[in-house]
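Here is the structure we will look at.
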Amino acid sequence: MRRTLLTGNGAAAWGARLAEADYVPAFPITPQTEIIEALAGWSERGEMAGRVVTLDSEHSMLTAAAAAAATGVRVFTATSSQGLLYGMEMIYTAPGWRAPFVMVNVSRALASPITLEADHNDILAARDSGFLQIHCATCQEVLDSVLMAYRLAEHPQVRLPAIVNLDGFYLSFTREPVVIPDQEQVRRFLPPFDPGNVAFRADRPASQAALVLGGSLYSYFRYEAHLATLQALTAYEEVAQAFEREMGRRYPAVEAYRAEDAEYIFFLMGAYATKAKDAVNRLRERGMRIGVVRPRLLRPYPARILQELLRGRRAVAVIDQNLSMGMGGILYSELASALYGMKDAPMLVSYIGGLGGRDISTEELFTMAAQTREAADAGVTPEPRLLYTAAELREVRKMQTIAGSKLPGHMEGKNDE
Amino acid sequence: MTATSTQYSPRDYKSDLKPIWCAGCGDFGVLNALYKAMSMCGLKPEDTVVVSGIGCSSRLPGFVETYGYHGVHGRTLPAATGIKAARPELNVIAVGGDGDGYSIGAGHLPHCARRNPDITYLIMNNNTYGLTKGQISPTSMVPLASISPKVDPKRWKTTPYGMTEEAINPIAQAIAWDVSFVARGFSYKPNQLADILAAAISHRGFALVDAFSPCPTFNQDQNDDYYKDHTYDVPEDHDPTDRVKAFELALRTDGYPIGIIYRRDNKPSMLEEQAFLRRRFENNPGTMEKLFAKYQG
């Protein structure tokens, strides 16, 4: 065990190295590329036994990953944003194969317009695929979650691929102190992959992913995968306890920070949760009883845990770093569905923020806290809000003015015609 | 091609945006050659669309004072084909890099060759993935077996001790797919590249121009000196309409010929084929009406 400074990407690579992944199909995309570059270096220098192979696209990369996992070896891969979307055909196919492997997604907002910075619409596009999802808020959590994800994905009651998510830039390129466990320690927590009935065997030829028509068999297999995903809730507890025993760090499925006596809760995923915690500390100094609830496990959805954690609170500010067009925040609607009809359910106040890497400032967290308290006092749920400052809007108006008044030379005359 | 008698200077195609490329990037030379070629062809800016995918070179549409389309990685040709099919009167110029065109989007090339839409595809080939900061691309050279001790082992960040794959030969592939205009240029010879591009834009059908465009930041091996030493002009007696000779030229190992390597001017373009189909059915009553007439009296 040693302590060092690692970026989120570095921590993800260390997770794959310590998990002793046999095969890493790779394709670069910002802000993920550093992960596969680190693994490629270790692999070529023989510091890691696994083989890194560069493919020609994320679609090929994910196909190679799932097929290799189906042969019974331990597979790691990583992508981001457009890459995840380009591989989406395989994101839905792989869970049906019941071939467990781990993929890290470094969240980056989707086109268009094009950006490189983070929000969660990429990873949430994979929400309904059958991949398990673990969301991280710190670099240590990234390393640890990769290890936990393998044990969870390979659990005999689960057997599904898993995604570990971290925020682009805010975590991927930020250095934090990270404890790198010893290989022996990791081996005790994560024994070699026992593929069980997943592996191809010469003496037992079997075909994967056969065609089923008529809907009956299809329904059976899809629902079976759903039940396996739900079993990951119980399996997660087992994994988290084993991890704590070995490494001394506890990662509940849902993190609750200063929430025991809280009347108000910030509810959000990912790296901004650390800012929310800081805001909570300051708001508590001013006497507001407020805390943070952060789902780490998004699939399976920890509905019961959330019900228990949020019952009896006055109000919850749900901060969605995503936007479902025509609906609103995805975390908001999922939480509402988990709490619907529950006695003593809190009021939910919906905020959309942090799109495309936009900061969520401490001042905005203070404002959200105040608005949430006012809403609870008034007993009226406000309309969902986009976090956007007057200064930002002025900047946009300025750009619109430039765009409107300064048409390209050859087009200016045209308007007069 | 929609041209006009109005004269446009290369400058007229320059937008207000300053290119976001590294100092010394080959793409500057390619961009200037493109301005010049557009001027030579007299393209009306308002009738021209520059389409790109993702990559350093795919930023190019923003630097050209025409309509632009910055799409998604590898889908340059489908986007260009769609625009040309919907608006045949527009001049459509697709641009991108070797990663966009020969790796993630490579699957579109043979099919674009088959359809033969009247578009020009300019590939800025720097033999690396530049935007993600230096990994191997399908045109990266020096496989592991031939790596020399003087080669910096850190060049390719996903293959730090040498790549194991061989580079593709896009010119030979394009001729094999019967792309109806195949040429190669070099960004350090912008006047020659402009002539090539003007011929490509004037060509009726799908034209592919692979332009060596060195990346001084992430690929010091295939730099301007390398290409100055390893390129030569297509021999004057070369007949680009001779496909076998063109293929031989593309396969030569003594360097890279620069110029028009293959062209087939009689290959019908996508729109000509479709117009031909429509003409066949003009004044021809629909089959369903014939069937009704036959069975319902």
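FYI, nothing fancy with the structure tokens labels: chains A, B, ... in order, residues from 1 per chain, ligands from 1 as they appear.
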
Exercise for review: Using DSSP on the backbone, list every residue of region 34-175 of chain A that comes out as strand (DSSP E or B), and give them as a ChimeraX atom specification.
Suggested key: /A:51-54,75-79,102-107,132-135,162-167

Exercise for review: When you get a sec, could you note down which chain A residues fall within 12 Å of chain B, using only C-alpha atoms, as a PyMOL selection string?
Suggested key: chain A and resi 24-46+51-61+81-83+85-87+110-116+406-414

Output C-alpha atoms of each residue in that selection to a file, as a compact mmCIF listing (two decimals), in the first residue's frame.
# COMPACT_ATOMS: atom_id res chain seq x y z
CA VAL A 24 -7.80 -4.14 -22.76
CA PRO A 25 -9.23 -3.18 -26.15
CA ALA A 26 -8.64 0.55 -26.59
CA PHE A 27 -9.58 3.58 -28.63
CA PRO A 28 -8.70 7.15 -27.68
CA ILE A 29 -11.21 9.88 -26.90
CA THR A 30 -10.86 13.02 -24.80
CA PRO A 31 -10.97 13.08 -21.77
CA GLN A 32 -10.42 9.35 -21.37
CA THR A 33 -7.28 8.74 -23.44
CA GLU A 34 -4.84 8.95 -20.52
CA ILE A 35 -6.32 5.73 -19.10
CA ILE A 36 -5.52 3.56 -22.09
CA GLU A 37 -2.16 5.27 -22.58
CA ALA A 38 -1.15 4.40 -19.02
CA LEU A 39 -2.27 0.80 -19.48
CA ALA A 40 -0.51 0.55 -22.86
CA GLY A 41 2.76 1.66 -21.27
CA TRP A 42 2.50 -0.81 -18.39
CA SER A 43 1.50 -3.61 -20.72
CA GLU A 44 4.36 -3.03 -23.16
CA ARG A 45 6.90 -2.74 -20.35
CA GLY A 46 5.62 -5.99 -18.87
CA ARG A 51 -2.66 -7.26 -23.39
CA VAL A 52 -3.64 -3.84 -24.75
CA VAL A 53 -4.86 -3.73 -28.34
CA THR A 54 -5.87 -0.54 -30.16
CA LEU A 55 -9.02 -0.88 -32.24
CA ASP A 56 -10.41 1.32 -35.00
CA SER A 57 -13.48 2.67 -33.17
CA GLU A 58 -15.42 2.38 -29.94
CA HIS A 59 -17.89 0.08 -31.63
CA SER A 60 -15.10 -2.37 -32.47
CA MET A 61 -13.56 -1.85 -29.05
CA SER A 81 -19.23 10.59 -24.41
CA GLN A 82 -19.53 10.19 -28.20
CA GLY A 83 -17.48 7.02 -27.92
CA LEU A 85 -22.76 6.46 -27.91
CA TYR A 86 -20.92 5.05 -30.89
CA GLY A 87 -20.57 1.78 -28.99
CA LEU A 110 -22.77 15.04 -25.91
CA ALA A 111 -22.90 16.75 -29.29
CA SER A 112 -24.28 18.97 -30.49
CA PRO A 113 -22.98 21.63 -29.97
CA ILE A 114 -19.63 19.96 -29.48
CA THR A 115 -17.82 20.22 -26.16
CA LEU A 116 -15.20 18.29 -24.23
CA LYS A 406 -22.08 40.49 -38.49
CA LEU A 407 -23.15 38.18 -41.28
CA PRO A 408 -20.45 36.98 -43.66
CA GLY A 409 -19.72 39.60 -46.33
CA HIS A 410 -21.29 37.76 -49.23
CA MET A 411 -24.48 37.16 -47.24
CA GLU A 412 -25.01 40.71 -46.07
CA GLY A 413 -26.04 42.03 -49.47
CA LYS A 414 -28.36 39.09 -49.98

Exercise for review: Using DSSP on the backbone coordinates, identify all residues within region 75-236 of chain B classified as alpha helix (DSSP H); present the result as a ChimeraX atom specification.
Suggested key: /B:76-86,98-99,108-115,170-176,190-202,224-230

**Study point:** 8 Å contact set for Ala273 (chain A), only C-alpha atoms, chain neighbours under 5 positions out, as a list in words
**Key:**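 Selected residues are Ala137, Leu268, Val292 and Arg294 of chain A.
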
Output file for the selection above: all heavy atoms, as a short mmCIF file (atom, residue, chain, number, x, y, z; two decimals), in the first residue's frame:
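Written file, result34.cif:
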data_model
loop_
_atom_site.label_atom_id
_atom_site.label_comp_id
_atom_site.auth_asym_id
_atom_site.auth_seq_id
_atom_site.Cartn_x
_atom_site.Cartn_y
_atom_site.Cartn_z
N ALA A 137 -17.10 10.17 -6.98
CA ALA A 137 -16.94 11.60 -6.66
C ALA A 137 -15.49 11.97 -6.36
O ALA A 137 -15.16 13.15 -6.32
CB ALA A 137 -17.83 11.96 -5.46
N LEU A 268 -27.50 14.59 -5.61
CA LEU A 268 -26.77 14.70 -6.88
C LEU A 268 -25.75 13.58 -7.01
O LEU A 268 -25.45 12.89 -6.02
CB LEU A 268 -26.10 16.07 -7.02
CG LEU A 268 -24.84 16.39 -6.21
CD1 LEU A 268 -24.28 17.74 -6.67
CD2 LEU A 268 -25.08 16.44 -4.72
N VAL A 292 -26.14 15.88 2.31
CA VAL A 292 -26.02 15.45 0.91
C VAL A 292 -26.37 13.97 0.83
O VAL A 292 -25.93 13.17 1.66
CB VAL A 292 -24.57 15.65 0.38
CG1 VAL A 292 -24.42 15.07 -1.02
CG2 VAL A 292 -24.18 17.11 0.41
N ARG A 294 -26.02 11.03 -2.09
CA ARG A 294 -25.42 10.83 -3.40
C ARG A 294 -25.48 9.35 -3.78
O ARG A 294 -24.82 8.51 -3.16
CB ARG A 294 -23.95 11.27 -3.36
CG ARG A 294 -23.17 10.95 -4.63
CD ARG A 294 -21.75 11.46 -4.55
NE ARG A 294 -20.93 10.69 -3.62
CZ ARG A 294 -20.15 9.67 -4.00
NH1 ARG A 294 -20.09 9.30 -5.24
NH2 ARG A 294 -19.42 9.03 -3.10
#

Exercise for review: Determine, counting only C-alpha atoms, which protein, DNA and RNA residues have an atom within 12 Å of an atom of Lys189 (chain B); residues of the same chain fewer than 2 positions away are not included. Present the result as number ranges by chain.
Suggested key: B: 26-33, 184-187, 191-196, 211-213, 224, 227-228, 231-233, 258-259

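Closest approach to Thr93 (chain A) among A:Val178, A:Ala209, A:Ile163, A:Ala69 is made by A:Ala209 (distances from only C-alpha atoms).
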
Check your understanding: Which of these residues is nearest to His203 (chain B), using only C-alpha atoms: B:Met288, B:Cys41, B:Ala85, B:Met141?
Key ->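 Residue with the minimum atom-to-atom distance to His203 (chain B): B:Cys41.
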
**Study point:** Interatomic distance, CA of Gly329 (chain A) to CA of Asp122 (chain A) (Å, one decimal)
**Key:**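 Computed distance, CA of Gly329 (chain A) to CA of Asp122 (chain A), equals 13.7 Å.
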
Spatial neighbours of Ala317 (chain A), max dist 7 Å, only C-alpha atoms, sep filter under 2 positions, as a PDB file with N, CA, C and O atoms, in the first residue's frame:
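Contents of around.pdb, freshly written:
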ATOM      1  N   ILE A 265     -31.966  18.266   1.878  1.00  0.00           N
ATOM      2  CA  ILE A 265     -30.943  17.401   1.270  1.00  0.00           C
ATOM      3  C   ILE A 265     -30.598  17.926  -0.122  1.00  0.00           C
ATOM      4  O   ILE A 265     -31.488  18.288  -0.895  1.00  0.00           O
ATOM      5  N   PHE A 266     -29.284  17.962  -0.423  1.00  0.00           N
ATOM      6  CA  PHE A 266     -28.840  18.090  -1.814  1.00  0.00           C
ATOM      7  C   PHE A 266     -28.729  16.673  -2.369  1.00  0.00           C
ATOM      8  O   PHE A 266     -28.022  15.842  -1.788  1.00  0.00           O
ATOM      9  N   PHE A 267     -29.376  16.423  -3.487  1.00  0.00           N
ATOM     10  CA  PHE A 267     -29.342  15.090  -4.081  1.00  0.00           C
ATOM     11  C   PHE A 267     -28.673  15.201  -5.454  1.00  0.00           C
ATOM     12  O   PHE A 267     -29.187  15.872  -6.346  1.00  0.00           O
ATOM     13  N   ALA A 315     -37.559  18.778   2.453  1.00  0.00           N
ATOM     14  CA  ALA A 315     -37.454  18.938   0.997  1.00  0.00           C
ATOM     15  C   ALA A 315     -36.073  18.532   0.502  1.00  0.00           C
ATOM     16  O   ALA A 315     -35.089  18.597   1.244  1.00  0.00           O
ATOM     17  N   ILE A 319     -30.285  17.929  -7.993  1.00  0.00           N
ATOM     18  CA  ILE A 319     -29.459  18.651  -8.975  1.00  0.00           C
ATOM     19  C   ILE A 319     -29.082  17.666 -10.080  1.00  0.00           C
ATOM     20  O   ILE A 319     -28.296  16.750  -9.871  1.00  0.00           O
ATOM     21  N   LEU A 348     -39.802  17.534  -3.625  1.00  0.00           N
ATOM     22  CA  LEU A 348     -38.634  17.495  -4.508  1.00  0.00           C
ATOM     23  C   LEU A 348     -38.578  18.765  -5.338  1.00  0.00           C
ATOM     24  O   LEU A 348     -39.557  19.142  -5.971  1.00  0.00           O
ATOM     25  N   VAL A 349     -37.442  19.436  -5.286  1.00  0.00           N
ATOM     26  CA  VAL A 349     -37.242  20.660  -6.071  1.00  0.00           C
ATOM     27  C   VAL A 349     -36.191  20.357  -7.127  1.00  0.00           C
ATOM     28  O   VAL A 349     -35.099  19.894  -6.795  1.00  0.00           O
ATOM     29  N   SER A 350     -36.553  20.601  -8.391  1.00  0.00           N
ATOM     30  CA  SER A 350     -35.691  20.156  -9.492  1.00  0.00           C
ATOM     31  C   SER A 350     -34.812  21.277 -10.033  1.00  0.00           C
ATOM     32  O   SER A 350     -35.296  22.351 -10.385  1.00  0.00           O
ATOM     33  N   MET A 368     -29.898  27.504  -3.868  1.00  0.00           N
ATOM     34  CA  MET A 368     -30.791  26.338  -3.976  1.00  0.00           C
ATOM     35  C   MET A 368     -31.304  25.929  -2.604  1.00  0.00           C
ATOM     36  O   MET A 368     -32.480  25.584  -2.447  1.00  0.00           O
ATOM     37  N   THR A 372     -35.163  25.976  -1.641  1.00  0.00           N
ATOM     38  CA  THR A 372     -35.782  24.709  -1.240  1.00  0.00           C
ATOM     39  C   THR A 372     -36.494  24.873   0.104  1.00  0.00           C
ATOM     40  O   THR A 372     -37.597  24.368   0.312  1.00  0.00           O
TER      41      THR A 372
END

Residue contacts of Pro240 (chain B) (8 Å, only C-alpha atoms) excluding same-chain residues fewer than 4 positions away, as a CSV table (one decimal) with N, CA, C and O atoms, in the first residue's frame:
chain,number,residue,atom,x,y,z
B,245,LYS,N,-2.1,0.9,-64.5
B,245,LYS,CA,-0.8,1.8,-64.3
B,245,LYS,C,-1.0,2.6,-63.0
B,245,LYS,O,0.0,2.8,-62.3
B,246,ALA,N,-2.2,3.1,-62.8
B,246,ALA,CA,-2.4,3.9,-61.6
B,246,ALA,C,-2.1,3.1,-60.3
B,246,ALA,O,-1.5,3.5,-59.3
B,260,ILE,N,-2.3,13.8,-59.7
B,260,ILE,CA,-3.5,13.0,-60.0
B,260,ILE,C,-3.0,11.6,-60.4
B,260,ILE,O,-2.3,11.4,-61.4
B,261,ILE,N,-3.5,10.6,-59.7
B,261,ILE,CA,-3.0,9.2,-59.9
B,261,ILE,C,-4.0,8.4,-60.7
B,261,ILE,O,-3.6,7.6,-61.5
B,262,TYR,N,-5.2,8.7,-60.5
B,262,TYR,CA,-6.3,7.9,-61.2
B,262,TYR,C,-7.5,8.7,-61.4
B,262,TYR,O,-7.9,9.5,-60.5
B,263,ARG,N,-8.1,8.6,-62.5
B,263,ARG,CA,-9.4,9.3,-62.7
B,263,ARG,C,-10.2,8.5,-63.8
B,263,ARG,O,-9.7,7.9,-64.7

Practice item. List the neighbours of Ser129 (chain A) out to 9 Å using only C-alpha atoms; skip same-chain residues closer than 3 positions along the sequence, and give me the result as a ChimeraX atom specification. Key: /A:88,91-95,125-126,132

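Straight-line separation from CA of Val179 (chain A) to CA of Thr7 (chain A): 12.1 Å.
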